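Structure data follow from coords_7.txt (compact mmCIF, C-alpha atoms):
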```txt
# COMPACT_ATOMS: atom_id res chain seq x y z
CA MET P 1 200.69 41.11 61.93
CA ASN P 2 199.89 43.09 58.75
CA ALA P 3 202.34 43.87 55.99
CA PHE P 4 202.93 47.49 57.11
CA ALA P 5 203.90 46.39 60.62
CA GLN P 6 206.26 43.74 59.22
CA ILE P 7 207.95 46.31 56.96
CA ARG P 8 208.31 48.75 59.88
CA GLN P 9 209.89 46.10 62.12
CA SER P 10 212.24 45.01 59.35
CA LEU P 11 213.30 48.63 58.74
CA ILE P 12 214.07 49.08 62.45
CA ILE P 13 216.17 45.90 62.44
CA ALA P 14 217.99 47.03 59.29
CA LEU P 15 218.84 50.38 60.89
CA TRP P 16 220.15 48.64 64.00
CA PHE P 17 222.34 46.33 61.91
CA MET P 18 223.68 49.32 59.97
CA PHE P 19 224.48 51.12 63.22
CA LEU P 20 226.16 48.10 64.85
CA THR P 21 228.28 47.13 61.83
CA PHE P 22 229.27 50.70 60.95
CA PRO P 23 232.66 50.69 62.77
CA VAL P 24 233.65 47.33 61.29
CA LEU P 25 232.36 47.37 57.72
CA VAL P 26 232.43 51.08 56.87
CA VAL P 27 235.44 52.58 58.64
CA ARG P 28 238.87 51.22 57.75
CA VAL P 29 242.13 52.81 58.86
CA ASN P 30 245.00 52.50 56.40
CA THR P 31 248.01 52.43 58.72
CA ILE P 32 250.50 52.54 55.84
CA GLU P 33 249.23 55.75 54.20
CA LYS P 34 247.73 57.01 57.51
CA VAL P 35 244.31 57.76 56.07
CA VAL P 36 240.76 56.71 56.94
CA GLU P 37 238.82 54.96 54.18
CA TRP P 38 235.01 55.22 54.17
CA ARG P 39 233.31 52.23 52.56
CA TRP P 40 229.73 53.50 52.30
CA PRO P 41 228.50 50.81 49.85
CA ASN P 42 229.01 48.20 52.57
CA MET P 43 226.47 50.00 54.76
CA ILE P 44 223.93 49.93 51.93
CA TYR P 45 224.50 46.21 51.38
CA VAL P 46 224.09 45.48 55.09
CA GLY P 47 220.89 47.52 55.26
CA ILE P 48 219.28 45.88 52.24
CA GLY P 49 220.39 42.39 53.23
CA SER P 50 219.25 42.64 56.85
CA PHE P 51 215.90 44.12 55.76
CA LEU P 52 215.23 41.28 53.31
CA VAL P 53 216.36 38.56 55.74
CA SER P 54 214.24 40.02 58.54
CA PHE P 55 211.15 40.36 56.34
CA VAL P 56 211.43 36.79 54.98
CA TRP P 57 212.18 35.48 58.49
CA ARG P 58 209.04 37.08 59.94
CA TYR P 59 206.95 35.85 57.03
CA PHE P 60 207.97 32.23 57.57
CA LEU P 61 207.53 32.50 61.35
CA GLU P 62 203.99 33.75 60.83
CA ARG P 63 203.29 30.95 58.35
CA LYS P 64 204.62 28.43 60.86
CA ALA P 65 202.44 29.87 63.65
CA GLN P 66 199.34 29.75 61.43
CA GLY P 67 200.13 26.17 60.41
CA GLY P 68 200.44 25.13 64.05
CA LYS P 69 197.05 26.65 64.87
CA GLN P 70 195.38 24.88 61.96
CA GLU P 71 196.79 21.48 62.99
CA ILE P 72 195.38 21.59 66.53
CA TYR P 73 192.31 19.70 65.28
CA PRO P 74 193.63 17.73 62.31
CA THR P 75 191.41 16.09 59.79
CA PRO P 76 191.05 12.30 59.89
CA ALA P 77 193.15 11.99 56.74
CA ALA P 78 195.95 14.06 58.27
CA ALA P 79 195.75 12.22 61.55
CA THR P 80 196.00 8.81 59.94
CA GLY P 81 198.48 9.75 57.20
CA LYS P 82 201.97 8.32 57.41
CA PRO P 83 205.09 10.50 57.37
CA LEU P 84 206.67 11.16 54.00
CA MET P 85 209.81 9.13 54.76
CA GLN P 86 207.71 6.17 55.88
CA ARG P 87 205.65 6.33 52.68
CA LEU P 88 208.83 6.45 50.58
CA MET P 89 210.43 3.52 52.40
CA ALA P 90 207.23 1.51 52.02
CA GLU P 91 207.38 1.83 48.23
CA PRO P 92 210.31 -0.12 46.73
CA ARG P 93 209.66 1.36 43.30
CA LEU P 94 210.42 4.81 44.74
CA TYR P 95 213.61 4.24 46.72
CA ARG P 96 215.25 1.29 44.95
CA PRO P 97 216.16 3.18 41.74
CA PHE P 98 217.61 5.99 43.86
CA LEU P 99 219.69 3.53 45.89
CA ILE P 100 220.95 1.82 42.73
CA VAL P 101 222.05 5.12 41.16
CA LEU P 102 223.65 6.24 44.44
CA SER P 103 225.51 2.93 44.77
CA LEU P 104 226.84 3.09 41.22
CA PHE P 105 228.00 6.67 41.72
CA GLY P 106 229.69 5.76 45.01
CA LEU P 107 231.56 2.87 43.42
CA ALA P 108 232.62 4.91 40.39
CA PHE P 109 233.43 8.14 42.25
CA PRO P 110 237.21 7.54 42.81
CA PHE P 111 237.69 6.84 39.10
CA LEU P 112 235.86 9.92 37.76
CA PRO P 113 237.99 12.64 36.09
CA PHE P 114 237.29 15.29 38.76
CA ALA P 115 237.93 12.90 41.70
CA SER P 116 241.37 13.92 42.91
CA THR P 117 243.05 12.59 46.02
CA TYR P 118 241.78 15.63 47.90
CA GLN P 119 238.17 15.03 46.83
CA ILE P 120 238.33 11.35 47.76
CA ASN P 121 239.82 12.25 51.13
CA ILE P 122 236.96 14.68 51.86
CA VAL P 123 234.30 12.08 51.08
CA THR P 124 236.19 9.53 53.19
CA ASN P 125 236.05 11.98 56.11
CA ALA P 126 232.29 12.27 55.61
CA LEU P 127 231.94 8.49 55.67
CA LEU P 128 234.02 8.39 58.87
CA TYR P 129 231.66 10.86 60.51
CA ILE P 130 228.69 8.83 59.33
CA MET P 131 230.04 5.93 61.37
CA LEU P 132 230.64 8.20 64.36
CA GLY P 133 227.18 9.75 64.03
CA LEU P 134 225.46 6.37 63.86
CA GLY P 135 227.37 5.23 66.94
CA LEU P 136 226.38 8.34 68.91
CA ASN P 137 222.83 7.95 67.58
CA ILE P 138 222.56 4.77 69.66
CA VAL P 139 223.32 6.69 72.85
CA VAL P 140 221.58 10.01 72.12
CA GLY P 141 218.97 9.22 69.49
CA LEU P 142 217.70 5.85 70.71
CA ALA P 143 218.51 5.75 74.45
CA GLY P 144 218.06 9.49 74.99
CA LEU P 145 221.32 9.93 76.96
CA LEU P 146 222.90 13.33 76.30
CA HIS P 147 226.55 12.46 75.63
CA LEU P 148 229.10 15.27 75.20
CA GLY P 149 232.23 13.16 75.62
CA TYR P 150 231.95 10.84 72.65
CA VAL P 151 235.31 11.96 71.31
CA ALA P 152 237.03 10.22 74.27
CA PHE P 153 236.16 6.78 72.84
CA TYR P 154 237.24 7.99 69.41
CA ALA P 155 240.64 8.78 70.98
CA VAL P 156 240.74 5.38 72.72
CA GLY P 157 240.41 3.60 69.37
CA ALA P 158 243.03 5.78 67.66
CA TYR P 159 245.60 5.46 70.45
CA SER P 160 244.93 1.74 70.79
CA TYR P 161 246.13 1.14 67.24
CA ALA P 162 249.01 3.62 67.55
CA LEU P 163 250.36 2.17 70.81
CA LEU P 164 249.80 -1.45 69.80
CA TYR P 165 251.79 -0.88 66.63
CA TYR P 166 254.52 1.11 68.36
CA HIS P 167 255.13 -1.38 71.18
CA PHE P 168 254.11 -4.73 69.66
CA GLY P 169 254.06 -4.19 65.88
CA ILE P 170 250.36 -5.15 65.62
CA GLY P 171 248.83 -4.35 62.23
CA PHE P 172 245.59 -2.65 61.27
CA TRP P 173 243.31 -5.66 60.89
CA VAL P 174 244.28 -7.08 64.29
CA ALA P 175 244.05 -3.68 65.98
CA LEU P 176 240.59 -2.94 64.52
CA PRO P 177 238.59 -5.29 66.80
CA ILE P 178 240.97 -4.63 69.72
CA GLY P 179 240.37 -0.87 69.48
CA ALA P 180 236.61 -1.45 69.37
CA LEU P 181 236.85 -3.72 72.43
CA PHE P 182 238.90 -1.17 74.41
CA ALA P 183 236.41 1.58 73.55
CA ALA P 184 233.48 -0.63 74.65
CA ILE P 185 235.23 -1.33 77.97
CA PHE P 186 235.77 2.39 78.51
CA GLY P 187 232.09 2.96 77.67
CA ILE P 188 231.05 0.54 80.40
CA ILE P 189 233.50 2.17 82.83
CA LEU P 190 231.90 5.55 82.10
CA GLY P 191 228.40 4.08 82.27
CA PHE P 192 228.61 2.84 85.86
CA PRO P 193 229.10 6.25 87.59
CA VAL P 194 226.36 7.96 85.53
CA LEU P 195 223.58 5.40 85.93
CA ARG P 196 221.57 7.74 88.16
CA LEU P 197 222.24 10.93 86.17
CA ARG P 198 219.97 12.44 83.54
CA GLY P 199 219.88 15.44 81.24
CA ASP P 200 222.35 18.25 81.89
CA TYR P 201 224.08 16.43 84.75
CA LEU P 202 224.84 13.48 82.47
CA ALA P 203 226.14 15.84 79.79
CA ILE P 204 228.49 17.56 82.28
CA VAL P 205 229.93 14.26 83.52
CA THR P 206 230.53 12.90 80.01
CA LEU P 207 232.14 16.19 79.00
CA GLY P 208 234.41 15.98 82.03
CA PHE P 209 235.35 12.40 81.12
CA ALA P 210 236.37 13.51 77.64
CA GLU P 211 238.49 16.35 78.99
CA ILE P 212 240.17 14.02 81.50
CA THR P 213 241.01 11.61 78.69
CA ARG P 214 242.47 14.38 76.54
CA LEU P 215 244.55 15.82 79.40
CA VAL P 216 245.90 12.40 80.30
CA LEU P 217 246.96 11.81 76.71
CA GLU P 218 248.52 15.27 76.55
CA ASN P 219 250.48 15.13 79.82
CA TRP P 220 251.41 11.46 80.29
CA ASN P 221 254.49 11.55 78.08
CA GLY P 222 255.69 8.10 79.07
CA PHE P 223 252.46 6.52 77.88
CA SER P 224 251.10 8.57 74.97
CA PHE P 225 254.19 10.67 74.05
CA GLY P 226 252.31 13.82 75.06
CA PRO P 227 251.57 16.64 72.60
CA SER P 228 254.12 15.26 70.13
CA GLY P 229 251.84 12.32 69.39
CA ILE P 230 252.72 9.12 67.58
CA ALA P 231 253.78 9.17 63.92
CA GLY P 232 254.55 6.50 61.37
CA ILE P 233 251.33 4.51 61.86
CA PRO P 234 250.93 2.18 58.88
CA ARG P 235 247.95 2.33 56.56
CA PRO P 236 245.66 -0.69 56.07
CA GLY P 237 247.26 -3.42 54.01
CA LEU P 238 245.80 -5.55 51.23
CA PHE P 239 247.58 -8.91 51.02
CA GLY P 240 250.98 -7.23 51.16
CA MET P 241 250.42 -5.09 48.04
CA GLU P 242 252.43 -1.88 47.72
CA MET P 243 250.22 1.18 47.20
CA ASP P 244 251.11 4.83 46.66
CA LEU P 245 249.23 7.69 48.35
CA HIS P 246 246.45 7.91 45.75
CA GLN P 247 245.87 4.15 45.66
CA GLY P 248 245.92 3.99 49.47
CA THR P 249 243.33 6.79 49.63
CA ILE P 250 241.05 4.89 47.23
CA TYR P 251 241.48 1.71 49.26
CA ILE P 252 240.52 3.46 52.52
CA TYR P 253 237.54 5.01 50.71
CA PHE P 254 236.15 1.60 49.74
CA LEU P 255 236.98 0.26 53.20
CA MET P 256 234.92 3.07 54.73
CA ILE P 257 232.00 2.30 52.41
CA ALA P 258 232.03 -1.33 53.55
CA LEU P 259 232.24 -0.38 57.22
CA CYS P 260 229.46 2.22 56.85
CA LEU P 261 227.18 -0.38 55.24
CA PHE P 262 228.00 -2.78 58.06
CA THR P 263 227.26 -0.06 60.63
CA ILE P 264 223.91 0.79 59.00
CA PHE P 265 222.93 -2.89 58.96
CA VAL P 266 223.83 -3.45 62.62
CA VAL P 267 222.23 -0.21 63.89
CA ASN P 268 219.05 -0.92 61.93
CA ARG P 269 218.86 -4.42 63.42
CA LEU P 270 219.50 -3.03 66.89
CA GLN P 271 216.65 -0.53 66.48
CA ASN P 272 214.14 -3.29 65.86
CA SER P 273 215.53 -5.69 68.45
CA ARG P 274 214.47 -6.19 72.04
CA ILE P 275 217.26 -3.99 73.36
CA GLY P 276 216.41 -1.32 70.78
CA ARG P 277 212.81 -1.16 71.99
CA ALA P 278 214.16 -0.92 75.55
CA TRP P 279 216.31 2.07 74.53
CA VAL P 280 213.33 3.84 72.98
CA ALA P 281 211.27 3.17 76.10
CA LEU P 282 214.12 4.53 78.22
CA ARG P 283 214.26 7.66 76.09
CA GLU P 284 210.53 8.31 76.32
CA ASP P 285 210.09 7.81 80.09
CA GLU P 286 212.63 6.12 82.35
CA VAL P 287 210.18 5.69 85.24
CA ALA P 288 207.52 4.07 83.08
CA CYS P 289 210.22 1.99 81.39
CA GLU P 290 211.35 0.59 84.74
CA ALA P 291 207.74 0.04 85.83
CA MET P 292 207.11 -2.09 82.74
CA GLY P 293 209.94 -4.46 83.67
CA VAL P 294 212.82 -3.07 81.61
CA ASP P 295 216.10 -2.90 83.52
CA PRO P 296 217.44 0.67 82.97
CA THR P 297 220.92 -0.30 84.20
CA THR P 298 221.35 -2.94 81.51
CA ALA P 299 219.86 -0.70 78.83
CA LYS P 300 222.15 2.24 79.66
CA LEU P 301 225.31 0.17 79.92
CA THR P 302 224.50 -1.59 76.65
CA ALA P 303 223.91 1.75 74.93
CA PHE P 304 227.21 3.16 76.18
CA ALA P 305 229.13 0.00 75.26
CA LEU P 306 227.69 -0.41 71.75
CA GLY P 307 227.87 3.30 70.96
CA SER P 308 231.49 3.42 72.10
CA THR P 309 232.34 0.38 69.97
CA TRP P 310 231.73 2.30 66.74
CA ALA P 311 233.79 5.22 68.03
CA GLY P 312 236.66 2.80 68.67
CA LEU P 313 236.39 1.41 65.14
CA ALA P 314 236.36 4.91 63.68
CA GLY P 315 239.37 5.87 65.83
CA VAL P 316 241.44 2.96 64.49
CA ILE P 317 240.55 3.96 60.92
CA PHE P 318 241.38 7.60 61.65
CA ALA P 319 244.83 6.64 62.96
CA ALA P 320 245.48 4.46 59.89
CA LYS P 321 244.22 7.15 57.53
CA THR P 322 246.29 10.03 58.93
CA THR P 323 249.28 7.86 60.03
CA PHE P 324 249.62 10.24 62.99
CA VAL P 325 247.66 10.87 66.20
CA ASN P 326 248.01 13.46 68.94
CA PRO P 327 245.63 14.86 71.60
CA ALA P 328 244.85 17.97 69.53
CA SER P 329 242.71 15.83 67.21
CA PHE P 330 240.28 14.90 70.00
CA THR P 331 238.97 18.16 71.44
CA PHE P 332 235.44 19.05 72.52
CA LEU P 333 234.74 20.52 69.08
CA GLU P 334 234.82 17.00 67.64
CA SER P 335 232.16 15.85 70.12
CA ALA P 336 230.08 18.93 69.30
CA MET P 337 230.37 18.23 65.57
CA ILE P 338 229.28 14.60 65.95
CA LEU P 339 226.37 15.60 68.18
CA SER P 340 225.38 18.29 65.66
CA ILE P 341 225.27 15.63 62.94
CA VAL P 342 222.83 13.56 65.01
CA VAL P 343 220.63 16.51 65.98
CA LEU P 344 220.61 18.12 62.54
CA GLY P 345 219.92 14.87 60.72
CA GLY P 346 217.21 13.77 63.17
CA MET P 347 217.70 11.83 66.39
CA GLY P 348 216.93 8.17 65.97
CA SER P 349 216.98 8.35 62.16
CA ILE P 350 219.68 6.48 60.23
CA VAL P 351 218.97 8.29 56.95
CA GLY P 352 218.96 11.62 58.77
CA VAL P 353 222.38 11.00 60.33
CA ILE P 354 223.81 10.14 56.91
CA ILE P 355 222.42 13.34 55.37
CA GLY P 356 223.55 15.41 58.35
CA ALA P 357 227.10 14.05 58.11
CA PHE P 358 227.38 14.89 54.43
CA ILE P 359 226.03 18.42 55.02
CA LEU P 360 228.20 19.29 58.01
CA ILE P 361 231.41 17.74 56.65
CA LEU P 362 231.20 18.49 52.93
CA LEU P 363 229.56 21.91 53.08
CA PRO P 364 232.42 23.72 54.91
CA GLU P 365 234.95 22.18 52.53
CA TYR P 366 233.14 23.26 49.39
CA LEU P 367 232.49 26.75 50.77
CA ARG P 368 236.21 27.52 50.97
CA ALA P 369 235.72 29.93 48.06
CA PHE P 370 233.81 32.09 50.55
CA SER P 371 236.51 31.72 53.20
CA GLU P 372 235.70 35.02 54.91
CA TYR P 373 231.98 34.28 55.25
CA ARG P 374 232.02 30.48 55.27
CA MET P 375 231.42 29.99 59.01
CA LEU P 376 228.87 32.83 59.02
CA LEU P 377 226.83 31.05 56.33
CA PHE P 378 227.33 27.74 58.10
CA GLY P 379 226.03 29.15 61.41
CA LEU P 380 223.11 30.88 59.69
CA ILE P 381 222.02 27.62 58.07
CA MET P 382 222.17 25.85 61.45
CA VAL P 383 220.11 28.58 63.17
CA VAL P 384 217.46 28.57 60.44
CA MET P 385 217.31 24.78 60.59
CA MET P 386 216.85 24.68 64.35
CA ILE P 387 214.04 27.26 64.20
CA PHE P 388 212.01 25.92 61.31
CA ARG P 389 212.90 22.22 61.57
CA PRO P 390 213.91 21.53 65.20
CA GLN P 391 213.17 17.81 64.90
CA GLY P 392 215.90 17.42 62.26
CA ILE P 393 216.01 16.86 58.53
CA VAL P 394 214.51 13.37 58.71
CA VAL P 395 212.16 12.69 61.58
CA GLY P 396 212.66 9.33 63.26
CA ILE P 397 209.78 7.06 62.34
CA ARG P 398 207.95 5.61 65.30
CA GLN P 399 207.83 1.86 64.84
CA ILE P 400 204.54 -0.01 65.26
CA TYR P 401 204.84 -3.65 66.27
CA GLU P 402 201.92 -6.02 65.76
CA PHE P 403 201.45 -9.58 66.95
CA LYS P 404 199.61 -11.63 64.34
CA LYS P 405 197.88 -14.82 65.29
CA THR P 406 198.70 -17.80 63.09
CA ALA P 407 196.19 -20.46 62.34
CA VAL P 408 196.97 -23.81 64.01
CA LYS P 409 196.02 -26.95 62.15
CA GLU P 410 193.84 -29.50 63.90
CA GLY P 411 196.42 -32.25 63.61
CA ASN P 412 199.18 -30.11 65.19
CA ARG P 413 197.33 -29.46 68.42
CA LEU P 414 198.63 -31.22 71.52
```
In structure tokens, how does this file's structure come out?
Amino acid sequence: MNAFAQIRQSLIIALWFMFLTFPVLVVRVNTIEKVVEWRWPNMIYVGIGSFLVSFVWRYFLERKAQGGKQEIYPTPAAATGKPLMQRLMAEPRLYRPFLIVLSLFGLAFPFLPFASTYQINIVTNALLYIMLGLGLNIVVGLAGLLHLGYVAFYAVGAYSYALLYYHFGIGFWVALPIGALFAAIFGIILGFPVLRLRGDYLAIVTLGFAEITRLVLENWNGFSFGPSGIAGIPRPGLFGMEMDLHQGTIYIYFLMIALCLFTIFVVNRLQNSRIGRAWVALREDEVACEAMGVDPTTAKLTAFALGSTWAGLAGVIFAAKTTFVNPASFTFLESAMILSIVVLGGMGSIVGVIIGAFILILLPEYLRAFSEYRMLLFGLIMVVMMIFRPQGIVVGIRQIYEFKKTAVKEGNRL
């Protein structure tokens, strides 16, 4: 498409946007003075903005289409070249200084002058969603099971701690593994009925399971105290030390850093383990996976159980952090947000999930200055990302496993 045609199409789109937004952005009725105010500059802004966005959008779409045509027959160098992330991770001199600086900043962040209790709390929320995203990444990113009810296991962990404390006085550190165990059991219970389901059918069943869990918590007053929830949940303790709100927030922040590092270590080890390779095979082709001797039942149940375990851990921490839980905190929007973190960051990529969590959790908070247009900008960024980078911010690196023969000495032979 030539430049004149692109300009003509962009002008048509700009006129349509001006026509559609005219009643909302131009006409305003002042009910107090009973007059109609005409805001004509808004129409000009909409026209110019929609024209520029449409023109740039079409330009990048054409560039993307031309790039796809040129890569049909790649050169040998392009075909054998490694992805950028793989090249960076293969060079310690490139990523180690960055990790050192990031670690020092993370440790010093709560003590910086601008780090208020509110700022620390926001970053703690991002770390909490990193743990949730990495847990869902096991189910969706590695095993390829579309899970829309992940928030149910998050609720199981939170209510486990709340009810155990309310009825038996059990503290945080004892409730942490118990909540993870309960969530894993619920993951296995969900896994059995959906062993034969795939794709959209699996997503519908998991969504229904999450809604059932929420409705049970909301209506079973004798068990979960209904919509009123449970208050007065104690925060994590540190050898009986008394901490005020700011000190407790800093303590939970460092606790979340430790748990996130532990989660990254475990998920990374799972990816390269035997069960991790079985999950990837299950994601690529379940029929071929079963034909090669991998038991899909075991792989699916393990994915559900291990993924739910991290949701249970995060739920216990959430209950301790907020000191209050009720069913309104575990709606479908939470599952959608966690799934968006995995998809935006890159399914199967640990680094991508971390970046996606920071973007989706921190960006809305720091765009509060644009409160009227914050969600509009947020949605626009997501749409642009899904069009021009549908595989996510960081593409999951396909692992290559090689068996190397070792030389056997003559004297060691049987």
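Nearest-residue note for P:Thr331: choosing from P:Thr213, P:Ser103, P:Asn30, P:Ser160, the minimum distance belongs to P:Thr213, counting only C-alpha atoms.
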Local residues around (254.4, 1.3, 60.1), at most 10 Å away, using all atoms listed in the file, as a PyMOL selection string: chain P and resi 162+165-166+169-172+231-236+320+323
Point (240.3, -1.0, 48.5), cut-off 12 Å, counting all atoms listed in the file, residues as a list in words: Leu107, Pro110, Arg235, Pro236, Gly237, Leu238, Phe239, Met241, Met243, His246, Gln247, Gly248, Thr249, Ile250, Tyr251, Ile252, Tyr253, Phe254, Leu255, Met256, Ile257, Ala258 and Leu259 of chain P
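Distances from P:Val395, P:Leu136, P:Leu333, P:Val194 to P:Ala314 were compared using all atoms listed in the file, and the smallest one belongs to P:Leu136.
Excluding P:Leu195 and any residue on its chain fewer than 3 positions from it, the residues at most 12 Å away by all atoms listed in the file are Leu145, Ile188, Ile189, Leu190, Gly191, Phe192, Arg198, Gly199, Tyr201, Leu202, Val205, Thr206, Glu286, Asp295, Pro296, Thr297, Thr298, Ala299, Lys300, Leu301, Thr302, Ala303 and Phe304 of chain P.
Here atom CA of P:Val287 stands at a distance of 28.0 Å from atom CA of P:Val266.
Compared by their closest atoms to P:Phe262, and using all atoms listed in the file, the residues P:Trp220, P:Trp279, P:Phe98, P:Trp310 rank with P:Trp310 nearest.
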